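Report on the following structure.
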Amino acid sequence: MNDQPEHIRESGLSAARPYHVMRTVKWGDCDPAGIIYTPRVLDFAMETLEAWYRDVLGIAWLRLNQELHMGAPTVRAEIDFLDAPAPDQEVVTALRVKKLGRASITYELTGRGSDGKDYYRVVLVACFISRPAFKATAIPEPFRSRILAYQRDCGDD
């Protein structure tokens, strides 16, 4: 059973790299002129990242938090708007790992239409933390190994 909303279709379970999530831009995602709201782009990126954790790293954020007493909060976010997708347009958000530190990880998420046009680029930096102290902690195995393998699969090593 898929608990994602119908307008989100994931294709990340395939061997395709980079990992990506297809999302249809809804009218409610846009202002009256049909231009996507800024926070919705960040939502698209975060939905992709959350699915990537589950499907590639093998752990849902809830389990990471509650069972492992860890988190990976975003400590920096940057959005470049390259063009505006239209309502009812499908946009694929693809995730690449740009940098892997001891406790931090930098992601680049690019939203592309079926016409090949890039609509946005989001850079997110997250830091693995231990809870409840909320102190930076080294990215644990097997996550680090999976991230490195993912980078290789994407040709980003």
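Letters for chains follow the order of the structure tokens (A, B, ...), residue numbers begin at 1 for each chain, and ligand numbers begin at 1 in the order shown.
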
Taking the backbone alone, and naming residues the way the document does, which bits of stretch 10-129 of chain A are helix (DSSP H, G or I) by DSSP, as a VMD selection string?
chain A and resid 27 to 29 38 to 57 61 to 66

Output file for the residues above (C-alpha atoms, as a PDB file, in the first residue's frame):
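Result file is part.pdb:
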```pdb
ATOM      1  CA  TRP A  27      -3.387  24.693  -9.105  1.00  0.00           C
ATOM      2  CA  GLY A  28      -3.199  25.134  -5.323  1.00  0.00           C
ATOM      3  CA  ASP A  29       0.611  25.058  -5.559  1.00  0.00           C
ATOM      4  CA  THR A  38       8.240  29.440  -3.353  1.00  0.00           C
ATOM      5  CA  PRO A  39       7.555  27.144  -0.359  1.00  0.00           C
ATOM      6  CA  ARG A  40       5.999  24.495  -2.623  1.00  0.00           C
ATOM      7  CA  VAL A  41       9.327  24.034  -4.409  1.00  0.00           C
ATOM      8  CA  LEU A  42      10.932  23.372  -1.041  1.00  0.00           C
ATOM      9  CA  ASP A  43       8.099  20.910  -0.292  1.00  0.00           C
ATOM     10  CA  PHE A  44       8.825  19.045  -3.551  1.00  0.00           C
ATOM     11  CA  ALA A  45      12.502  18.838  -2.596  1.00  0.00           C
ATOM     12  CA  MET A  46      11.773  17.662   0.965  1.00  0.00           C
ATOM     13  CA  GLU A  47       9.297  15.017  -0.276  1.00  0.00           C
ATOM     14  CA  THR A  48      12.004  13.664  -2.569  1.00  0.00           C
ATOM     15  CA  LEU A  49      14.595  13.711   0.208  1.00  0.00           C
ATOM     16  CA  GLU A  50      12.259  11.935   2.633  1.00  0.00           C
ATOM     17  CA  ALA A  51      11.535   9.210   0.070  1.00  0.00           C
ATOM     18  CA  TRP A  52      15.294   8.896  -0.665  1.00  0.00           C
ATOM     19  CA  TYR A  53      16.023   8.233   3.018  1.00  0.00           C
ATOM     20  CA  ARG A  54      13.391   5.510   3.070  1.00  0.00           C
ATOM     21  CA  ASP A  55      14.205   3.884  -0.275  1.00  0.00           C
ATOM     22  CA  VAL A  56      17.974   4.368  -0.581  1.00  0.00           C
ATOM     23  CA  LEU A  57      19.204   4.596   3.013  1.00  0.00           C
ATOM     24  CA  TRP A  61      12.768   9.730   9.194  1.00  0.00           C
ATOM     25  CA  LEU A  62      10.363   8.663  11.931  1.00  0.00           C
ATOM     26  CA  ARG A  63      12.388   5.501  12.661  1.00  0.00           C
ATOM     27  CA  LEU A  64      15.660   7.431  12.519  1.00  0.00           C
ATOM     28  CA  ASN A  65      14.232   9.783  15.114  1.00  0.00           C
ATOM     29  CA  GLN A  66      12.337   7.444  17.405  1.00  0.00           C
TER      30      GLN A  66
END
```

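Excluding A:Val122 itself and any same-chain residue fewer than 6 positions from it, the protein and nucleic acid residues within 10 Å of it, counting only C-alpha atoms, are Val41, Leu42, Phe44, Ala45, Met46, Ala77, Glu78, Ile79, Asp80, Phe81, Thr93, Leu95, Tyr107, Glu108, Leu109, Thr110 and Gly111 of chain A.
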
Contacts of A:Ala136 at 10 Å or less, counting only C-alpha atoms, minus same-chain residues fewer than 4 places along, as number ranges by chain?
A: 70-72, 102-104, 127-131

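You can rank A:Ala60, A:Ile105, A:Val21, A:Val91 by their closest distance to A:Ala138 using only C-alpha atoms, and at the top of that list sits A:Ile105.
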
Restricting to only C-alpha atoms, whichever of A:Met22, A:Leu68, A:Ile147, A:Ala33 is closest to A:Pro87 is A:Ala33

Identify, on the basis of only C-alpha atoms, every residue whose closest approach to A:Gly34 does not exceed 12 Å; exclude the query and any residue fewer than 3 positions from it along the same chain; express the result as a ChimeraX atom specification.
/A:25-31,37,84-89

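The residue that comes closest to A:Ala149, out of A:Ala94, A:Ile35, A:Leu100, A:Arg76 and on the basis of only C-alpha atoms, is A:Leu100.
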
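The coordinates place atom CA of A:His69 at 29.4 Å from atom CA of A:Arg17.
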
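Considering only C-alpha atoms, the residue among A:Asp83, A:Glu67, A:Asp115, A:Glu90 positioned nearest to A:Thr24 is A:Glu90.
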
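In this comparison, which uses only C-alpha atoms, the residue of A:Tyr19, A:Lys98, A:Ile36, A:Thr106 approaching A:Leu124 most closely is A:Thr106.
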
Could you give me the residues within chain A that DSSP places in strand (DSSP E), as a PyMOL selection string?
chain A and resi 8-10+19-24+70-71+74-81+90-100+104-113+118-127+129-130+135-136

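Across A:Leu82, A:Ser145, A:Lys135, A:Val97, the tightest approach to A:Lys117 is made by A:Leu82 when counting only C-alpha atoms.
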
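Between atom CA of A:Gly58 and atom CA of A:Tyr120 there is a distance of 26.8 Å.
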